[in-house]
Structure formats: C-alpha cells, structure tokens
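Enquirer: Following this line is data.txt, made up of compact mmCIF, N, CA and C atoms:
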# COMPACT_ATOMS: atom_id res chain seq x y z
N MET P 282 -28.12 -77.62 -138.04
CA MET P 282 -27.41 -78.56 -138.87
C MET P 282 -28.08 -78.60 -140.23
N LYS P 283 -27.29 -78.54 -141.29
CA LYS P 283 -27.81 -78.56 -142.64
C LYS P 283 -28.16 -79.99 -143.06
N LYS P 284 -29.37 -80.14 -143.61
CA LYS P 284 -29.82 -81.45 -144.07
C LYS P 284 -29.32 -81.67 -145.49
N ILE P 285 -28.74 -82.81 -145.74
CA ILE P 285 -28.24 -83.15 -147.07
C ILE P 285 -29.35 -83.87 -147.82
N ASP P 286 -29.66 -83.37 -149.02
CA ASP P 286 -30.68 -84.00 -149.85
C ASP P 286 -30.17 -85.32 -150.39
N PRO P 287 -31.02 -86.34 -150.39
CA PRO P 287 -30.59 -87.64 -150.94
C PRO P 287 -30.42 -87.55 -152.46
N THR P 288 -29.53 -88.35 -152.99
CA THR P 288 -29.33 -88.41 -154.43
C THR P 288 -30.52 -89.09 -155.09
N MET P 289 -30.61 -89.00 -156.41
CA MET P 289 -31.67 -89.71 -157.13
C MET P 289 -31.59 -91.20 -156.86
N ALA P 290 -30.37 -91.74 -156.89
CA ALA P 290 -30.19 -93.18 -156.65
C ALA P 290 -30.71 -93.56 -155.27
N GLU P 291 -30.41 -92.75 -154.27
CA GLU P 291 -30.88 -93.04 -152.91
C GLU P 291 -32.41 -92.94 -152.84
N GLN P 292 -32.98 -91.96 -153.53
CA GLN P 292 -34.44 -91.82 -153.54
C GLN P 292 -35.11 -93.01 -154.22
N VAL P 293 -34.55 -93.45 -155.35
CA VAL P 293 -35.10 -94.61 -156.05
C VAL P 293 -34.98 -95.85 -155.16
N ALA P 294 -33.82 -96.04 -154.54
CA ALA P 294 -33.61 -97.20 -153.67
C ALA P 294 -34.62 -97.21 -152.53
N GLU P 295 -34.85 -96.07 -151.92
CA GLU P 295 -35.80 -96.00 -150.81
C GLU P 295 -37.22 -96.26 -151.30
N ALA P 296 -37.59 -95.68 -152.44
CA ALA P 296 -38.94 -95.89 -152.98
C ALA P 296 -39.19 -97.36 -153.29
N ILE P 297 -38.21 -98.02 -153.91
CA ILE P 297 -38.35 -99.43 -154.25
C ILE P 297 -38.44 -100.27 -152.97
N SER P 298 -37.63 -99.95 -151.98
CA SER P 298 -37.64 -100.68 -150.72
C SER P 298 -39.01 -100.56 -150.04
N VAL P 299 -39.56 -99.35 -150.03
CA VAL P 299 -40.89 -99.13 -149.43
C VAL P 299 -41.96 -99.90 -150.20
N PHE P 300 -41.90 -99.86 -151.54
CA PHE P 300 -42.86 -100.61 -152.34
C PHE P 300 -42.77 -102.10 -152.03
N GLN P 301 -41.55 -102.62 -151.92
CA GLN P 301 -41.38 -104.05 -151.64
C GLN P 301 -41.98 -104.40 -150.28
N GLU P 302 -41.74 -103.54 -149.31
CA GLU P 302 -42.28 -103.81 -147.98
C GLU P 302 -43.81 -103.75 -147.98
N ARG P 303 -44.37 -102.79 -148.68
CA ARG P 303 -45.83 -102.69 -148.77
C ARG P 303 -46.44 -103.90 -149.45
N ARG P 304 -45.78 -104.38 -150.50
CA ARG P 304 -46.33 -105.50 -151.28
C ARG P 304 -46.18 -106.82 -150.55
N THR P 305 -45.07 -107.02 -149.85
CA THR P 305 -44.79 -108.34 -149.28
C THR P 305 -44.79 -108.37 -147.75
N GLY P 306 -44.70 -107.19 -147.13
CA GLY P 306 -44.57 -107.15 -145.68
C GLY P 306 -43.15 -107.39 -145.21
N TYR P 307 -42.23 -107.49 -146.16
CA TYR P 307 -40.84 -107.80 -145.83
C TYR P 307 -39.94 -106.79 -146.54
N ARG P 308 -39.11 -106.09 -145.79
CA ARG P 308 -38.21 -105.08 -146.35
C ARG P 308 -36.88 -105.74 -146.71
N PRO P 309 -36.34 -105.46 -147.91
CA PRO P 309 -35.04 -106.04 -148.26
C PRO P 309 -33.93 -105.53 -147.35
N LYS P 310 -32.88 -106.32 -147.20
CA LYS P 310 -31.76 -105.93 -146.35
C LYS P 310 -31.04 -104.71 -146.93
N ALA P 311 -30.93 -104.66 -148.25
CA ALA P 311 -30.27 -103.54 -148.93
C ALA P 311 -30.82 -103.43 -150.35
N VAL P 312 -30.68 -102.26 -150.94
CA VAL P 312 -31.11 -102.02 -152.32
C VAL P 312 -29.96 -101.35 -153.06
N THR P 313 -29.60 -101.90 -154.21
CA THR P 313 -28.55 -101.33 -155.05
C THR P 313 -29.21 -100.81 -156.32
N VAL P 314 -28.85 -99.58 -156.71
CA VAL P 314 -29.39 -98.96 -157.92
C VAL P 314 -28.23 -98.62 -158.83
N VAL P 315 -28.30 -99.10 -160.09
CA VAL P 315 -27.24 -98.84 -161.06
C VAL P 315 -27.89 -98.26 -162.31
N LEU P 316 -27.36 -97.12 -162.77
CA LEU P 316 -27.84 -96.50 -163.99
C LEU P 316 -26.73 -96.56 -165.03
N SER P 317 -27.06 -97.11 -166.20
CA SER P 317 -26.12 -97.19 -167.31
C SER P 317 -26.86 -96.72 -168.56
N ASP P 318 -26.46 -95.58 -169.08
CA ASP P 318 -27.16 -94.98 -170.21
C ASP P 318 -28.64 -94.85 -169.87
N ASP P 319 -29.50 -95.57 -170.59
CA ASP P 319 -30.94 -95.46 -170.34
C ASP P 319 -31.51 -96.69 -169.62
N THR P 320 -30.64 -97.43 -168.95
CA THR P 320 -31.09 -98.63 -168.24
C THR P 320 -30.84 -98.47 -166.74
N LEU P 321 -31.89 -98.67 -165.98
CA LEU P 321 -31.83 -98.59 -164.53
C LEU P 321 -32.04 -100.01 -163.99
N VAL P 322 -31.07 -100.52 -163.25
CA VAL P 322 -31.19 -101.86 -162.66
C VAL P 322 -31.20 -101.69 -161.14
N VAL P 323 -32.21 -102.26 -160.53
CA VAL P 323 -32.38 -102.19 -159.08
C VAL P 323 -32.31 -103.61 -158.54
N THR P 324 -31.42 -103.85 -157.60
CA THR P 324 -31.32 -105.16 -156.97
C THR P 324 -31.73 -105.04 -155.51
N LEU P 325 -32.70 -105.83 -155.12
CA LEU P 325 -33.15 -105.89 -153.73
C LEU P 325 -32.47 -107.09 -153.09
N HIS P 326 -31.55 -106.84 -152.19
CA HIS P 326 -30.75 -107.91 -151.57
C HIS P 326 -31.52 -108.50 -150.39
N GLU P 327 -31.50 -109.83 -150.34
CA GLU P 327 -32.18 -110.57 -149.27
C GLU P 327 -33.62 -110.08 -149.12
N ALA P 328 -34.34 -110.10 -150.24
CA ALA P 328 -35.70 -109.56 -150.29
C ALA P 328 -36.77 -110.61 -150.01
N LEU P 329 -36.38 -111.87 -149.89
CA LEU P 329 -37.37 -112.91 -149.63
C LEU P 329 -37.56 -113.11 -148.13
N SER P 330 -38.78 -113.35 -147.75
CA SER P 330 -39.09 -113.62 -146.35
C SER P 330 -38.54 -115.01 -145.99
N PRO P 331 -38.40 -115.30 -144.70
CA PRO P 331 -37.95 -116.64 -144.31
C PRO P 331 -38.87 -117.75 -144.87
N ALA P 332 -40.16 -117.50 -144.92
CA ALA P 332 -41.09 -118.50 -145.47
C ALA P 332 -40.84 -118.71 -146.96
N GLU P 333 -40.58 -117.62 -147.71
CA GLU P 333 -40.30 -117.75 -149.14
C GLU P 333 -38.99 -118.49 -149.37
N LYS P 334 -38.00 -118.21 -148.54
CA LYS P 334 -36.72 -118.93 -148.66
C LYS P 334 -36.92 -120.42 -148.43
N ALA P 335 -37.71 -120.76 -147.43
CA ALA P 335 -37.97 -122.18 -147.15
C ALA P 335 -38.72 -122.83 -148.31
N LEU P 336 -39.73 -122.14 -148.84
CA LEU P 336 -40.49 -122.67 -149.97
C LEU P 336 -39.59 -122.85 -151.19
N ALA P 337 -38.64 -121.95 -151.39
CA ALA P 337 -37.75 -121.99 -152.55
C ALA P 337 -36.72 -123.11 -152.46
N GLY P 338 -36.76 -123.90 -151.40
CA GLY P 338 -35.82 -125.00 -151.22
C GLY P 338 -36.02 -126.16 -152.19
N THR P 339 -37.17 -126.22 -152.84
CA THR P 339 -37.41 -127.25 -153.85
C THR P 339 -37.61 -126.57 -155.20
N PRO P 340 -37.37 -127.27 -156.29
CA PRO P 340 -37.59 -126.67 -157.61
C PRO P 340 -39.03 -126.16 -157.81
N GLU P 341 -40.00 -126.92 -157.32
CA GLU P 341 -41.40 -126.52 -157.46
C GLU P 341 -41.68 -125.27 -156.63
N GLY P 342 -41.15 -125.24 -155.43
CA GLY P 342 -41.34 -124.09 -154.55
C GLY P 342 -40.65 -122.85 -155.10
N ALA P 343 -39.45 -123.04 -155.64
CA ALA P 343 -38.71 -121.92 -156.24
C ALA P 343 -39.51 -121.32 -157.39
N ALA P 344 -40.11 -122.18 -158.21
CA ALA P 344 -40.93 -121.70 -159.33
C ALA P 344 -42.14 -120.92 -158.81
N GLN P 345 -42.74 -121.37 -157.72
CA GLN P 345 -43.87 -120.65 -157.14
C GLN P 345 -43.46 -119.28 -156.62
N VAL P 346 -42.31 -119.20 -155.95
CA VAL P 346 -41.82 -117.93 -155.43
C VAL P 346 -41.52 -116.97 -156.59
N GLN P 347 -40.88 -117.48 -157.63
CA GLN P 347 -40.58 -116.64 -158.79
C GLN P 347 -41.85 -116.11 -159.43
N GLU P 348 -42.82 -116.97 -159.63
CA GLU P 348 -44.08 -116.55 -160.25
C GLU P 348 -44.82 -115.56 -159.36
N PHE P 349 -44.82 -115.79 -158.07
CA PHE P 349 -45.46 -114.87 -157.13
C PHE P 349 -44.86 -113.47 -157.27
N HIS P 350 -43.54 -113.38 -157.30
CA HIS P 350 -42.89 -112.06 -157.39
C HIS P 350 -43.07 -111.43 -158.77
N ARG P 351 -43.12 -112.25 -159.82
CA ARG P 351 -43.41 -111.69 -161.16
C ARG P 351 -44.80 -111.06 -161.17
N GLN P 352 -45.78 -111.76 -160.60
CA GLN P 352 -47.14 -111.23 -160.57
C GLN P 352 -47.25 -110.00 -159.68
N LEU P 353 -46.55 -110.02 -158.56
CA LEU P 353 -46.52 -108.87 -157.65
C LEU P 353 -45.95 -107.65 -158.37
N PHE P 354 -44.86 -107.85 -159.09
CA PHE P 354 -44.22 -106.78 -159.84
C PHE P 354 -45.17 -106.27 -160.92
N LYS P 355 -45.77 -107.20 -161.65
CA LYS P 355 -46.68 -106.84 -162.74
C LYS P 355 -47.85 -105.99 -162.22
N SER P 356 -48.38 -106.35 -161.06
CA SER P 356 -49.53 -105.63 -160.52
C SER P 356 -49.17 -104.26 -159.94
N SER P 357 -47.89 -104.02 -159.66
CA SER P 357 -47.51 -102.74 -159.04
C SER P 357 -46.56 -101.92 -159.90
N VAL P 358 -46.22 -102.41 -161.09
CA VAL P 358 -45.21 -101.74 -161.90
C VAL P 358 -45.64 -100.33 -162.31
N ASP P 359 -46.93 -100.10 -162.51
CA ASP P 359 -47.37 -98.76 -162.91
C ASP P 359 -47.05 -97.73 -161.84
N SER P 360 -47.28 -98.08 -160.58
CA SER P 360 -46.95 -97.13 -159.51
C SER P 360 -45.44 -96.96 -159.38
N LEU P 361 -44.67 -98.03 -159.61
CA LEU P 361 -43.21 -97.91 -159.59
C LEU P 361 -42.73 -97.01 -160.73
N ARG P 362 -43.32 -97.16 -161.91
CA ARG P 362 -42.98 -96.30 -163.05
C ARG P 362 -43.22 -94.83 -162.71
N GLU P 363 -44.38 -94.56 -162.12
CA GLU P 363 -44.73 -93.18 -161.75
C GLU P 363 -43.73 -92.62 -160.74
N GLU P 364 -43.37 -93.43 -159.76
CA GLU P 364 -42.44 -92.96 -158.73
C GLU P 364 -41.05 -92.70 -159.31
N ILE P 365 -40.59 -93.58 -160.20
CA ILE P 365 -39.28 -93.37 -160.83
C ILE P 365 -39.31 -92.11 -161.70
N LYS P 366 -40.40 -91.89 -162.41
CA LYS P 366 -40.52 -90.68 -163.22
C LYS P 366 -40.53 -89.44 -162.33
N ARG P 367 -41.25 -89.51 -161.22
CA ARG P 367 -41.30 -88.37 -160.29
C ARG P 367 -39.90 -88.04 -159.78
N ILE P 368 -39.13 -89.06 -159.44
CA ILE P 368 -37.80 -88.86 -158.87
C ILE P 368 -36.80 -88.40 -159.93
N THR P 369 -36.81 -89.05 -161.09
CA THR P 369 -35.78 -88.80 -162.11
C THR P 369 -36.18 -87.79 -163.17
N GLY P 370 -37.49 -87.60 -163.36
CA GLY P 370 -37.95 -86.73 -164.43
C GLY P 370 -37.99 -87.43 -165.78
N VAL P 371 -37.71 -88.73 -165.82
CA VAL P 371 -37.67 -89.50 -167.06
C VAL P 371 -38.66 -90.66 -166.95
N ALA P 372 -39.46 -90.82 -168.00
CA ALA P 372 -40.44 -91.91 -168.02
C ALA P 372 -39.74 -93.26 -168.17
N VAL P 373 -40.37 -94.29 -167.66
CA VAL P 373 -39.87 -95.66 -167.79
C VAL P 373 -40.47 -96.27 -169.04
N GLY P 374 -39.62 -96.78 -169.93
CA GLY P 374 -40.10 -97.41 -171.16
C GLY P 374 -40.57 -98.83 -170.93
N GLU P 375 -39.73 -99.67 -170.40
CA GLU P 375 -40.05 -101.07 -170.16
C GLU P 375 -39.60 -101.43 -168.75
N ALA P 376 -40.20 -102.47 -168.20
CA ALA P 376 -39.83 -102.91 -166.86
C ALA P 376 -39.98 -104.42 -166.75
N ALA P 377 -39.07 -105.04 -166.01
CA ALA P 377 -39.11 -106.48 -165.79
C ALA P 377 -38.53 -106.78 -164.41
N ALA P 378 -38.88 -107.93 -163.87
CA ALA P 378 -38.35 -108.34 -162.57
C ALA P 378 -38.03 -109.82 -162.60
N GLU P 379 -37.02 -110.19 -161.86
CA GLU P 379 -36.62 -111.59 -161.74
C GLU P 379 -36.17 -111.84 -160.31
N VAL P 380 -36.43 -113.03 -159.83
CA VAL P 380 -36.05 -113.43 -158.47
C VAL P 380 -35.01 -114.52 -158.55
N GLU P 381 -33.94 -114.37 -157.81
CA GLU P 381 -32.93 -115.41 -157.67
C GLU P 381 -33.20 -116.07 -156.32
N THR P 382 -33.84 -117.21 -156.35
CA THR P 382 -34.33 -117.82 -155.11
C THR P 382 -33.23 -118.36 -154.22
N THR P 383 -32.06 -118.68 -154.75
CA THR P 383 -31.00 -119.22 -153.88
C THR P 383 -30.38 -118.14 -153.01
N THR P 384 -30.34 -116.89 -153.50
CA THR P 384 -29.75 -115.81 -152.71
C THR P 384 -30.79 -114.89 -152.11
N GLY P 385 -32.02 -114.96 -152.62
CA GLY P 385 -33.06 -114.07 -152.13
C GLY P 385 -33.04 -112.71 -152.78
N ALA P 386 -32.29 -112.55 -153.87
CA ALA P 386 -32.23 -111.26 -154.56
C ALA P 386 -33.39 -111.12 -155.53
N VAL P 387 -33.93 -109.92 -155.59
CA VAL P 387 -34.96 -109.57 -156.56
C VAL P 387 -34.38 -108.47 -157.42
N VAL P 388 -34.42 -108.64 -158.74
CA VAL P 388 -33.84 -107.66 -159.66
C VAL P 388 -34.95 -107.03 -160.48
N HIS P 389 -35.02 -105.71 -160.47
CA HIS P 389 -35.95 -104.95 -161.31
C HIS P 389 -35.11 -104.26 -162.37
N ALA P 390 -35.50 -104.37 -163.62
CA ALA P 390 -34.81 -103.68 -164.71
C ALA P 390 -35.81 -102.79 -165.43
N PHE P 391 -35.45 -101.52 -165.57
CA PHE P 391 -36.29 -100.55 -166.26
C PHE P 391 -35.49 -100.08 -167.47
N THR P 392 -35.98 -100.38 -168.67
CA THR P 392 -35.21 -100.11 -169.87
C THR P 392 -36.03 -99.38 -170.91
N SER P 393 -35.39 -99.07 -172.02
CA SER P 393 -36.11 -98.44 -173.13
C SER P 393 -35.87 -99.23 -174.40
N GLY P 394 -36.31 -100.46 -174.41
CA GLY P 394 -36.25 -101.27 -175.61
C GLY P 394 -34.99 -102.09 -175.78
N THR P 395 -34.18 -102.22 -174.76
CA THR P 395 -32.96 -102.99 -174.87
C THR P 395 -33.10 -104.29 -174.10
N MET P 396 -32.25 -105.27 -174.44
CA MET P 396 -32.21 -106.51 -173.68
C MET P 396 -31.31 -106.26 -172.47
N VAL P 397 -31.74 -106.70 -171.33
CA VAL P 397 -30.94 -106.54 -170.11
C VAL P 397 -30.55 -107.90 -169.60
N GLN P 398 -29.27 -108.10 -169.39
CA GLN P 398 -28.79 -109.31 -168.74
C GLN P 398 -28.13 -108.86 -167.44
N VAL P 399 -28.52 -109.45 -166.36
CA VAL P 399 -28.02 -109.05 -165.05
C VAL P 399 -27.22 -110.21 -164.48
N PHE P 400 -26.01 -109.91 -164.06
CA PHE P 400 -25.14 -110.91 -163.45
C PHE P 400 -24.80 -110.42 -162.05
N ARG P 401 -25.21 -111.17 -161.05
CA ARG P 401 -24.87 -110.82 -159.67
C ARG P 401 -23.60 -111.58 -159.32
N LEU P 402 -22.53 -110.84 -159.09
CA LEU P 402 -21.24 -111.45 -158.81
C LEU P 402 -21.19 -112.00 -157.40
N ALA P 403 -20.36 -113.01 -157.19
CA ALA P 403 -20.24 -113.64 -155.88
C ALA P 403 -19.35 -112.81 -154.95
N GLY P 404 -18.61 -111.87 -155.51
CA GLY P 404 -17.74 -111.01 -154.72
C GLY P 404 -17.70 -109.62 -155.32
N ARG P 405 -16.91 -108.76 -154.70
CA ARG P 405 -16.81 -107.37 -155.16
C ARG P 405 -15.57 -107.18 -156.03
N ILE P 406 -15.67 -106.23 -156.96
CA ILE P 406 -14.54 -105.83 -157.78
C ILE P 406 -14.17 -104.42 -157.35
N ALA P 407 -12.91 -104.17 -157.11
CA ALA P 407 -12.47 -102.85 -156.68
C ALA P 407 -12.81 -101.82 -157.77
N ALA P 408 -13.26 -100.65 -157.35
CA ALA P 408 -13.64 -99.60 -158.29
C ALA P 408 -12.48 -99.23 -159.21
N ASP P 409 -11.27 -99.17 -158.67
CA ASP P 409 -10.10 -98.83 -159.49
C ASP P 409 -9.87 -99.87 -160.58
N ALA P 410 -10.08 -101.13 -160.26
CA ALA P 410 -9.90 -102.18 -161.26
C ALA P 410 -10.97 -102.07 -162.34
N TRP P 411 -12.22 -101.82 -161.92
CA TRP P 411 -13.32 -101.74 -162.87
C TRP P 411 -13.18 -100.53 -163.79
N ASN P 412 -12.80 -99.41 -163.22
CA ASN P 412 -12.71 -98.16 -163.99
C ASN P 412 -11.42 -98.01 -164.75
N GLY P 413 -10.50 -98.96 -164.59
CA GLY P 413 -9.25 -98.91 -165.35
C GLY P 413 -8.19 -98.04 -164.72
N ASN P 414 -8.31 -97.72 -163.47
CA ASN P 414 -7.31 -96.88 -162.81
C ASN P 414 -6.14 -97.68 -162.26
N GLU P 415 -6.30 -99.01 -162.21
CA GLU P 415 -5.19 -99.87 -161.80
C GLU P 415 -4.46 -100.30 -163.05
N SER P 416 -3.17 -100.50 -162.95
CA SER P 416 -2.45 -100.99 -164.12
C SER P 416 -2.44 -102.51 -164.09
N HIS P 417 -2.95 -103.10 -165.18
CA HIS P 417 -2.99 -104.55 -165.33
C HIS P 417 -2.30 -104.90 -166.63
N THR P 418 -1.61 -106.00 -166.64
CA THR P 418 -1.03 -106.47 -167.89
C THR P 418 -1.30 -107.95 -168.04
N THR P 419 -1.48 -108.35 -169.27
CA THR P 419 -1.52 -109.76 -169.57
C THR P 419 -0.29 -110.02 -170.41
N GLU P 420 0.02 -111.23 -170.61
CA GLU P 420 1.24 -111.61 -171.27
C GLU P 420 1.57 -110.72 -172.47
N GLY P 421 2.52 -109.78 -172.25
CA GLY P 421 3.02 -108.97 -173.33
C GLY P 421 2.21 -107.74 -173.69
N SER P 422 0.98 -107.56 -173.17
CA SER P 422 0.22 -106.39 -173.55
C SER P 422 -0.63 -105.88 -172.41
N PRO P 423 -0.81 -104.55 -172.35
CA PRO P 423 -1.64 -104.01 -171.29
C PRO P 423 -3.11 -104.33 -171.53
N CYS P 424 -3.89 -104.44 -170.44
CA CYS P 424 -5.33 -104.67 -170.55
C CYS P 424 -6.03 -103.37 -170.83
For this file, produce the structure as structure tokens.
Expert:
Amino acid sequence: MKKIDPTMAEQVAEAISVFQERRTGYRPKAVTVVLSDDTLVVTLHEALSPAEKALAGTPEGAAQVQEFHRQLFKSSVDSLREEIKRITGVAVGEAAAEVETTTGAVVHAFTSGTMVQVFRLAGRIAADAWNGNESHTTEGSPC
C-alpha cells in the first residue's frame, strides 16, 4: 500500500499539537491551520485542560490562564519557529498567541510585520459561499 505524504498544513498542525501536549500535558481536540499570503494562523481547539477551564470560570482565573499560555508560548516560540521553517522552508517573522478561555481555543499567529485579527465564528460558512461560487443577490445588485 502506498503511503500518502502529509501536506504542509497537516505537518504544521501535528507539530503544533505535539508541542502543546509537551508543554501542557494536554493535547488539543483539533488543530486548524490557515495560510493567507504571508500569515499563518493556527487554532488549537479545546486546548485547555479541565482544570484550566474550571480556573477560567472567573475573570481573575481567566486572566491567569491567558497569562500562563502567553508565557508558555513565549518560552517555546523559538522551537516552534524552527519547526515551521523546517516544514515550510520559510522563516517566521513574528509570532503571537492568544487564549479564548470561554471556548478553550488557543490561537497562534505567525506573521511578517502585519496586524492579525482573528475571529472564531460560532458556525461554519459553506466553502461555495465563501469562495463566491454560490449566486447571492442583495436588493437589486449581485454580491
């Protein structure tokens, strides 16, 4: 049986998932990797442990969880940069991480001097709608 090589996105997702598990002892439920021009955004879904979720139940606890993950990211970002460069062949310019304590998502953004705003939607958008393959109209004019 022929083995199929994983894509770069799959390799990055796996590397980030392994790093998260090594750093926290808790593996995220899923990892999403999105590349847009020179910006790579990695979302670790349900990446908080049950204890972190419980701690994040208060504003003070949520702030502690966020700061903990910022420091964790800061202390390991160099190895993440190296791994992303190894996989993609492109160096990482800048890197940042943010934790959304209500959903347990951890977002890593690797950029080259741009501002990154990440919006995690509450639902999914069909690929055809996003890519413009569906026909949509608003009052009197096509979208």
Enquirer: Mind giving me the straight-line distance from atom CA of P:Val373 to atom CA of P:Ser360 in Å, one decimal?
Expert: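 Here the two named atoms are 11.0 Å from each other.
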Enquirer: Kindly assemble as a Markdown table a list of the stretch 306-377 of chain P residues that lie within 8 Å of stretch 385-391 of chain P, each paired with its nearest atom pair and their distance in Å to one decimal, using only N, CA and C atoms, sorted first by chain and then by ascending residue number.
Expert:
| residue | atom | partner | partner_atom | distance |
| --- | --- | --- | --- | --- |
| P:Asp319 | C | P:Phe391 | C | 5.7 |
| P:Thr320 | CA | P:Phe391 | C | 4.7 |
| P:Leu321 | C | P:Phe391 | N | 4.1 |
| P:Val322 | CA | P:Ala390 | CA | 4.5 |
| P:Val323 | C | P:His389 | N | 3.9 |
| P:Thr324 | CA | P:Val388 | CA | 4.5 |
| P:Leu325 | N | P:Val387 | C | 3.9 |
| P:His326 | CA | P:Ala386 | CA | 4.7 |
| P:Glu327 | N | P:Gly385 | C | 4.1 |
| P:Ala328 | N | P:Gly385 | C | 3.9 |
| P:Leu329 | N | P:Gly385 | C | 4.5 |
| P:Ser330 | N | P:Gly385 | CA | 7.2 |
| P:Glu333 | C | P:Gly385 | CA | 7.9 |
| P:Lys334 | CA | P:Gly385 | CA | 7.0 |
| P:Val373 | CA | P:Phe391 | C | 6.2 |
| P:Gly374 | N | P:Phe391 | C | 5.8 |
| P:Glu375 | C | P:Phe391 | CA | 4.2 |
| P:Ala376 | CA | P:Ala390 | C | 4.3 |
| P:Ala377 | C | P:Ala390 | N | 4.0 |
Enquirer: So how many Å separate atom CA of P:Thr382 and atom CA of P:Arg351, to one decimal?
Expert: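 Value for the atom CA of P:Thr382-atom CA of P:Arg351 distance: 12.5 Å.
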Enquirer: Report, in Å to a single decimal, how far apart atom C of P:Ala372 and atom CA of P:Gln345 are.
Expert: 29.8 Å
Enquirer: Which of stretch 327-357 of chain P counts as alpha helix (DSSP H) under DSSP, as a compact mmCIF listing (two decimals) with N, CA and C atoms, keeping the file's coordinate frame please?
Expert:
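Dumped everything to selection_20.txt:
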# COMPACT_ATOMS: atom_id res chain seq x y z
N PRO P 331 -38.40 -115.30 -144.70
CA PRO P 331 -37.95 -116.64 -144.31
C PRO P 331 -38.87 -117.75 -144.87
N ALA P 332 -40.16 -117.50 -144.92
CA ALA P 332 -41.09 -118.50 -145.47
C ALA P 332 -40.84 -118.71 -146.96
N GLU P 333 -40.58 -117.62 -147.71
CA GLU P 333 -40.30 -117.75 -149.14
C GLU P 333 -38.99 -118.49 -149.37
N LYS P 334 -38.00 -118.21 -148.54
CA LYS P 334 -36.72 -118.93 -148.66
C LYS P 334 -36.92 -120.42 -148.43
N ALA P 335 -37.71 -120.76 -147.43
CA ALA P 335 -37.97 -122.18 -147.15
C ALA P 335 -38.72 -122.83 -148.31
N LEU P 336 -39.73 -122.14 -148.84
CA LEU P 336 -40.49 -122.67 -149.97
C LEU P 336 -39.59 -122.85 -151.19
N PRO P 340 -37.37 -127.27 -156.29
CA PRO P 340 -37.59 -126.67 -157.61
C PRO P 340 -39.03 -126.16 -157.81
N GLU P 341 -40.00 -126.92 -157.32
CA GLU P 341 -41.40 -126.52 -157.46
C GLU P 341 -41.68 -125.27 -156.63
N GLY P 342 -41.15 -125.24 -155.43
CA GLY P 342 -41.34 -124.09 -154.55
C GLY P 342 -40.65 -122.85 -155.10
N ALA P 343 -39.45 -123.04 -155.64
CA ALA P 343 -38.71 -121.92 -156.24
C ALA P 343 -39.51 -121.32 -157.39
N ALA P 344 -40.11 -122.18 -158.21
CA ALA P 344 -40.93 -121.70 -159.33
C ALA P 344 -42.14 -120.92 -158.81
N GLN P 345 -42.74 -121.37 -157.72
CA GLN P 345 -43.87 -120.65 -157.14
C GLN P 345 -43.46 -119.28 -156.62
N VAL P 346 -42.31 -119.20 -155.95
CA VAL P 346 -41.82 -117.93 -155.43
C VAL P 346 -41.52 -116.97 -156.59
N GLN P 347 -40.88 -117.48 -157.63
CA GLN P 347 -40.58 -116.64 -158.79
C GLN P 347 -41.85 -116.11 -159.43
N GLU P 348 -42.82 -116.97 -159.63
CA GLU P 348 -44.08 -116.55 -160.25
C GLU P 348 -44.82 -115.56 -159.36
N PHE P 349 -44.82 -115.79 -158.07
CA PHE P 349 -45.46 -114.87 -157.13
C PHE P 349 -44.86 -113.47 -157.27
N HIS P 350 -43.54 -113.38 -157.30
CA HIS P 350 -42.89 -112.06 -157.39
C HIS P 350 -43.07 -111.43 -158.77
N ARG P 351 -43.12 -112.25 -159.82
CA ARG P 351 -43.41 -111.69 -161.16
C ARG P 351 -44.80 -111.06 -161.17
N GLN P 352 -45.78 -111.76 -160.60
CA GLN P 352 -47.14 -111.23 -160.57
C GLN P 352 -47.25 -110.00 -159.68
N LEU P 353 -46.55 -110.02 -158.56
CA LEU P 353 -46.52 -108.87 -157.65
C LEU P 353 -45.95 -107.65 -158.37
N PHE P 354 -44.86 -107.85 -159.09
CA PHE P 354 -44.22 -106.78 -159.84
C PHE P 354 -45.17 -106.27 -160.92
N LYS P 355 -45.77 -107.20 -161.65
CA LYS P 355 -46.68 -106.84 -162.74
C LYS P 355 -47.85 -105.99 -162.22
N SER P 356 -48.38 -106.35 -161.06
CA SER P 356 -49.53 -105.63 -160.52
C SER P 356 -49.17 -104.26 -159.94
N SER P 357 -47.89 -104.02 -159.66
CA SER P 357 -47.51 -102.74 -159.04
C SER P 357 -46.56 -101.92 -159.90
Enquirer: Hey, what's within 7 Å of P:Ser298 if we count only C-alpha atoms and toss same-chain stuff fewer than 6 positions away? As a PyMOL selection string, please?
Expert: chain P and resi 308-309+312
Enquirer: Restricting the calculation to all atoms listed in the file: of P:Ala335, P:Pro287, P:Val380, P:Val293, which residue gets closest to P:Gln347?
Expert: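 The shortest atom-to-atom distance to P:Gln347 comes from P:Val380.
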Enquirer: Leaving out stretch 352-354 of chain P and any residue of its chain fewer than 6 positions from it, which residues lie within 8 Å of it when counting all atoms listed in the file, given as a ChimeraX atom specification?
Expert: /P:304,346,377-378
Enquirer: With N, CA and C atoms retained, export the selected residues as a CSV table (one decimal), keeping the file's coordinate frame.
Expert:
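Listing of result.csv after writing:
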chain,number,residue,atom,x,y,z
P,304,ARG,N,-45.8,-104.4,-150.5
P,304,ARG,CA,-46.3,-105.5,-151.3
P,304,ARG,C,-46.2,-106.8,-150.6
P,346,VAL,N,-42.3,-119.2,-156.0
P,346,VAL,CA,-41.8,-117.9,-155.4
P,346,VAL,C,-41.5,-117.0,-156.6
P,377,ALA,N,-39.1,-105.0,-166.0
P,377,ALA,CA,-39.1,-106.5,-165.8
P,377,ALA,C,-38.5,-106.8,-164.4
P,378,ALA,N,-38.9,-107.9,-163.9
P,378,ALA,CA,-38.4,-108.3,-162.6
P,378,ALA,C,-38.0,-109.8,-162.6
Enquirer: Of the residues P:Thr288, P:Thr383, P:Gln301, P:Thr369, which is the one nearest to P:Ala337, using all atoms listed in the file?
Expert: P:Thr383
